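Participant: Pasting a structure here, questions to come.
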Amino acid sequence: MQIRQAGGGLGRGTGGTAGGGGLPPCSVPAGRCSAGRRRRAGPPGAMPAAVVEYKGWKEGYRCGYCASERGKVSAGMWAHSMTVQDYQDLIDRGWRRSGKYVYKPIMNQTCCPQYTIRCQALHFQTSKSHKKVLKKMLKFISKGDVSKAVSEEEPMDSHIEDVAPCDFAYKGESRVSQSELTPLSVDHTERAEYEDEDAGETKEEVNVQKVESGFPQISADKDTPLLGEPSRSAKIVPAPPKPGKGADLSKPPCRKAKDIRKERKLQKLLQNQMCTIEGSQLQADQVFLLQNSKSKTNQPKTIEDFIFVSLPDDARHKLEFTRFLCDSPLEAEDAPNGPDCGYGSFHQQYWLDGKIIAVGVIDILPYCVSSVYLYYDPDYSFLSLGVYSALREIAFTRELHEKAPDLSFYYMGFYIHSCPKMRYKGQYRPSDLLCPETYVWTPIEQCLPLLEHSKYCRFNQDLKAVDEGRMKELGRVRVLHKRTVMPYSVYKKRRKGPSDEASVQQYASLVGQTCSERMLLFRS
C-alpha cells in the first residue's frame, strides 16, 4: 500500500456501488466501530473539553519537501482528546493533525511555508484532468478498459507529505497516564475557577517507506504559468502544429455533429415559420424547446453527473464503498442540525470486485470535510485513485451540506508553493488559502502572484488588519493541573519551580484566545 496525505477517504456506513445513484446512507456495520469509541449527542462544543499537552517549538530538523537537513520549524502538541469544534477552530488557524499529534508550521521561519487550503465544494468546477480521471474509472468499471496513456499523462506524484516521520518534532508517545487527564468533580474545578476572583486578579508517528500522491501535478516549467496565474507575456502567439499533430489553428474549431444537426434543425424550423401563419404558437413552442435543449447541452457537467451514473447490467467490474468510524483524538458526536453520519473521524474502504484497493481517512467537522490521507494499492495506480477519491469527497461534502448547511468546504491540508510537486492542490477550484498573519481566507488567484515573489506572504492586503482571534488575556487560559481545572492565573500561583509563562504564552498565541479558554492545557 502507498499513502497519499491530505486527500482521500470518507465516512462511515455500508456502501453502494460506484455510479449506482449516489453515496450510501451512513450506518455503522456491526463490529466495524473501533473499540471504545462512543458518540456524544448535542451541538458541537456541548461536551467535556479537549485535553492537550503542548510540546513547544522544534527548530532545525529535516524537511521532507526541499530535503533541507535543518530548515524545518514547527510547533506541536499531543491531543489526548479533542472536540470537533476545537479542531475546526485550530485548522482555521493553520494547525493540522496526523494521528494524535497536532502541529503548526512556523510560517515566517520554516524553509517551506505550508498554507492551509480549502476548496469551495458548493461551487467546485471539474477541470479537464478531473473529467479524464472520472471517465477513466467509468470505462474501467463498465468495460474493463485500461488506458495506460492517460495514466502516464497524470502520474501519481511521489512526495513526502505531512505524515513523514521527519516532519514531526516529537515522535514518542505521551507518557501521561489516563488518570492524570481525568478532571476531578465539578466542585474542585469551580473552587479553582473562583479562587482567582477572590484574590482580585482579573502526529503520532507514521512509519512510511514510500509516499505517493494521487493528484496530477502542475507543471513546474518556468515558461508555463500556473492555473489561475496571469501570463508573463502580454500576448501568446501559438506555434503552427507539426504535420499530422495537433489542431490546425487556421481553421475554425471542431464542433460536435449533434450540435450541428440541432442547429440545422432550428434553422429549418425558423425558415418554415416564415412560410406559415405568422405568430404560430406551435412553431414558436418548437423553437423554444430546441433552444432550451441546446442551452442545456452546452451546460458543463457537474461532478455528480460523472459519479452518479447508471452502469450497464453487464459491467465488467464492481466498485463498492464501506464507511465506518475510526479511532482518533476527535470525539465522535451527533448533533440535531448535523449530518446523519455525525461528526468525527471516518474510514472509507474502496472495494473492487471484493478486493480492497484503497482506504481513505477524513474528519467531518462543523464547517468542512477535512481530508487526512489515503492508502492505496500501487497495482491500481493507473486509476488515479488519489484524484478519484478527492473528487468523491468533494461530492460527499456537497451531499452533507444538504442536511448540515454550515458544512460547505473541503479542506485539502497544506498548499506548498515552494515545492512544485505540492502545487497540485491548487487545481481544485475555486479554492482559498489562509493568511498566516490574520487568518482570513483569500482566493488562491490573488495569492499565486505574491508567492511567485516570496515563499512567505501575508495575503491580507489590509495592513491595518490584525488577528481578531489573538490571545488577549493570558490569565484566562484553562489549565488541567493535578486533575483540577483552573485558569492559568490560579495555576501560576500554585506552581512550584521555574516559571512556565513563556511556554504557555506561546501556546495561547498559536491556538488563539477562544481555543485557549475552551481546551484544557495539561500541566504536570
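Residues are referred to by chain and number: the chain letter is A, B, ... according to the order shown in the C-alpha cells, the number counts from 1 in that chain, and ligands are numbered separately from 1 in the order shown.
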Extract, using only C-alpha atoms, all DNA, RNA and protein residues at most 8 Å from Pro436 (chain A), discarding same-chain residues fewer than 6 positions from it, and format them as a ChimeraX atom specification.

Facilitator: /A:93-94,107,115,457-459

Participant: Could those selected residues go to a file with N, CA, C and O atoms, as a PDB file, in the first residue's frame?

Facilitator:
ATOM      1  N   ARG A  93      -6.716  28.118  11.986  1.00  0.00           N
ATOM      2  CA  ARG A  93      -5.562  28.913  12.414  1.00  0.00           C
ATOM      3  C   ARG A  93      -4.253  28.267  11.954  1.00  0.00           C
ATOM      4  O   ARG A  93      -3.182  28.578  12.473  1.00  0.00           O
ATOM      5  N   GLY A  94      -4.348  27.344  10.983  1.00  0.00           N
ATOM      6  CA  GLY A  94      -3.143  26.784  10.387  1.00  0.00           C
ATOM      7  C   GLY A  94      -2.621  25.511  11.011  1.00  0.00           C
ATOM      8  O   GLY A  94      -1.529  25.054  10.661  1.00  0.00           O
ATOM      9  N   MET A 107       5.358  29.749  10.081  1.00  0.00           N
ATOM     10  CA  MET A 107       5.369  30.107   8.674  1.00  0.00           C
ATOM     11  C   MET A 107       6.494  31.052   8.262  1.00  0.00           C
ATOM     12  O   MET A 107       7.070  30.911   7.181  1.00  0.00           O
ATOM     13  N   TYR A 115       0.643  26.483   3.587  1.00  0.00           N
ATOM     14  CA  TYR A 115      -0.570  27.283   3.709  1.00  0.00           C
ATOM     15  C   TYR A 115      -1.801  26.379   3.701  1.00  0.00           C
ATOM     16  O   TYR A 115      -1.967  25.562   2.785  1.00  0.00           O
ATOM     17  N   CYS A 457       4.208  34.845   2.525  1.00  0.00           N
ATOM     18  CA  CYS A 457       3.426  36.031   2.181  1.00  0.00           C
ATOM     19  C   CYS A 457       2.294  36.234   3.176  1.00  0.00           C
ATOM     20  O   CYS A 457       1.713  35.276   3.683  1.00  0.00           O
ATOM     21  N   ARG A 458       1.999  37.491   3.405  1.00  0.00           N
ATOM     22  CA  ARG A 458       0.766  37.885   4.083  1.00  0.00           C
ATOM     23  C   ARG A 458      -0.246  38.160   2.980  1.00  0.00           C
ATOM     24  O   ARG A 458      -0.074  39.068   2.177  1.00  0.00           O
ATOM     25  N   PHE A 459      -1.316  37.384   2.921  1.00  0.00           N
ATOM     26  CA  PHE A 459      -2.282  37.524   1.845  1.00  0.00           C
ATOM     27  C   PHE A 459      -3.259  38.668   2.063  1.00  0.00           C
ATOM     28  O   PHE A 459      -3.766  39.249   1.107  1.00  0.00           O
TER      29      PHE A 459
END

Participant: Can you pull out the residues contacting Ser174 (chain A)? Cut-off 10 Å, using only C-alpha atoms, and skip same-chain residues under 6 positions away; I want them as an MDAnalysis selection string.

Facilitator: chainID A and resid 53 55 77:80 100:101 204

Participant: When distances are computed from only C-alpha atoms, which of A:Leu266, A:Cys66, A:Leu122, A:Leu352 shows the smallest separation from Ser408 (chain A)?

Facilitator: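 Closest candidate: A:Leu122.
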
Participant: Just list the residues in region 56-159 of chain A DSSP gives strand (DSSP E) on the backbone, as a ChimeraX atom specification.

Facilitator: /A:56-61,72-81,96-98,101-105,115-120

Participant: Which residue out of A:Glu437, A:Asp86, A:Asp340, A:Asp334 has the minimum interatomic distance to Ala50 (chain A) when only C-alpha atoms are used?

Facilitator: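 Of A:Glu437, A:Asp86, A:Asp340, A:Asp334, the one nearest Ala50 (chain A) is A:Asp86, counting only C-alpha atoms.
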
Participant: Would you list the contacts of region 353-369 of chain A as a PyMOL selection string, taking every protein, DNA or RNA residue within 7 Å and counting only C-alpha atoms, but skipping same-chain residues closer than 5 positions in sequence?

Facilitator: chain A and resi 8-11+84-85+88+317-319+343-348+374-377+397+406-411

Participant: Restricted to C-alpha atoms, what would the selected residues look like written as a PDB file, in the first residue's frame?

Facilitator:
ATOM      1  CA  GLY A   8      -8.660  10.667   0.378  1.00  0.00           C
ATOM      2  CA  GLY A   9     -11.403   8.772   2.099  1.00  0.00           C
ATOM      3  CA  LEU A  10     -14.631   9.460   3.826  1.00  0.00           C
ATOM      4  CA  GLY A  11     -17.134   8.427   6.418  1.00  0.00           C
ATOM      5  CA  VAL A  84     -14.734  18.578  16.521  1.00  0.00           C
ATOM      6  CA  GLN A  85     -15.358  22.294  17.114  1.00  0.00           C
ATOM      7  CA  GLN A  88     -12.259  23.095  13.301  1.00  0.00           C
ATOM      8  CA  HIS A 317     -16.204  -4.627 -12.542  1.00  0.00           C
ATOM      9  CA  LYS A 318     -17.913  -3.637  -9.326  1.00  0.00           C
ATOM     10  CA  LEU A 319     -16.618  -0.799  -7.120  1.00  0.00           C
ATOM     11  CA  TYR A 343     -19.127  14.366  13.230  1.00  0.00           C
ATOM     12  CA  GLY A 344     -15.758  12.726  13.850  1.00  0.00           C
ATOM     13  CA  SER A 345     -13.074  10.716  12.072  1.00  0.00           C
ATOM     14  CA  PHE A 346     -14.066   8.169   9.448  1.00  0.00           C
ATOM     15  CA  HIS A 347     -12.559   5.488   7.218  1.00  0.00           C
ATOM     16  CA  GLN A 348     -13.717   4.678   3.721  1.00  0.00           C
ATOM     17  CA  LEU A 374      -5.305   7.778   1.525  1.00  0.00           C
ATOM     18  CA  TYR A 375      -3.675   4.356   1.387  1.00  0.00           C
ATOM     19  CA  TYR A 376      -3.908   2.608  -1.978  1.00  0.00           C
ATOM     20  CA  ASP A 377      -2.710  -0.495  -3.771  1.00  0.00           C
ATOM     21  CA  THR A 397     -19.221  17.348   1.098  1.00  0.00           C
ATOM     22  CA  ASP A 406     -22.874  25.178   7.604  1.00  0.00           C
ATOM     23  CA  LEU A 407     -20.774  22.333   6.207  1.00  0.00           C
ATOM     24  CA  SER A 408     -19.718  23.566   2.785  1.00  0.00           C
ATOM     25  CA  PHE A 409     -15.918  23.337   2.421  1.00  0.00           C
ATOM     26  CA  TYR A 410     -13.414  20.622   1.571  1.00  0.00           C
ATOM     27  CA  TYR A 411     -10.035  21.060   3.301  1.00  0.00           C
TER      28      TYR A 411
END

Participant: Mind checking which residues fall within 8 Å of region 502-509 of chain A, counting only C-alpha atoms, ignoring those fewer than 3 positions away in the same chain, and posting them as a list of chain:residue names?

Facilitator: A:Tyr54, A:Gly56, A:Arg470, A:Met471, A:Leu474, A:Val477, A:Ser499, A:Gly512, A:Gln513, A:Ser516

Participant: Go through A:Ser81, A:Phe124, A:Lys301, A:Asp145 one by one, measure the shortest atom-to-atom distance of each to Gln178 (chain A) using only C-alpha atoms, and give the residue with the smallest value.

Facilitator: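 Going through A:Ser81, A:Phe124, A:Lys301, A:Asp145 one by one, the smallest distance to Gln178 (chain A) is for A:Ser81.
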
Participant: Just to confirm, what's the straight-line distance from CA of Val485 (chain A) to CA of Leu521 (chain A) in Å (one decimal)?

Facilitator: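 Distance reported for this atom pair: 9.2 Å.
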
Participant: So, with only C-alpha atoms as the atoms that count, which of A:Gln446, A:Ser489, A:Thr110, A:Thr438 lies closest to Val73 (chain A)?

Facilitator: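 Ranked by minimum distance to Val73 (chain A), first place goes to A:Thr110.
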
Participant: I need the residue nearest Pro183 (chain A) from this list: A:Arg70, A:Phe522, A:Leu311, A:Lys493. Use only C-alpha atoms for the distance.

Facilitator: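 Between A:Arg70, A:Phe522, A:Leu311, A:Lys493, the residue approaching Pro183 (chain A) most closely is A:Phe522.
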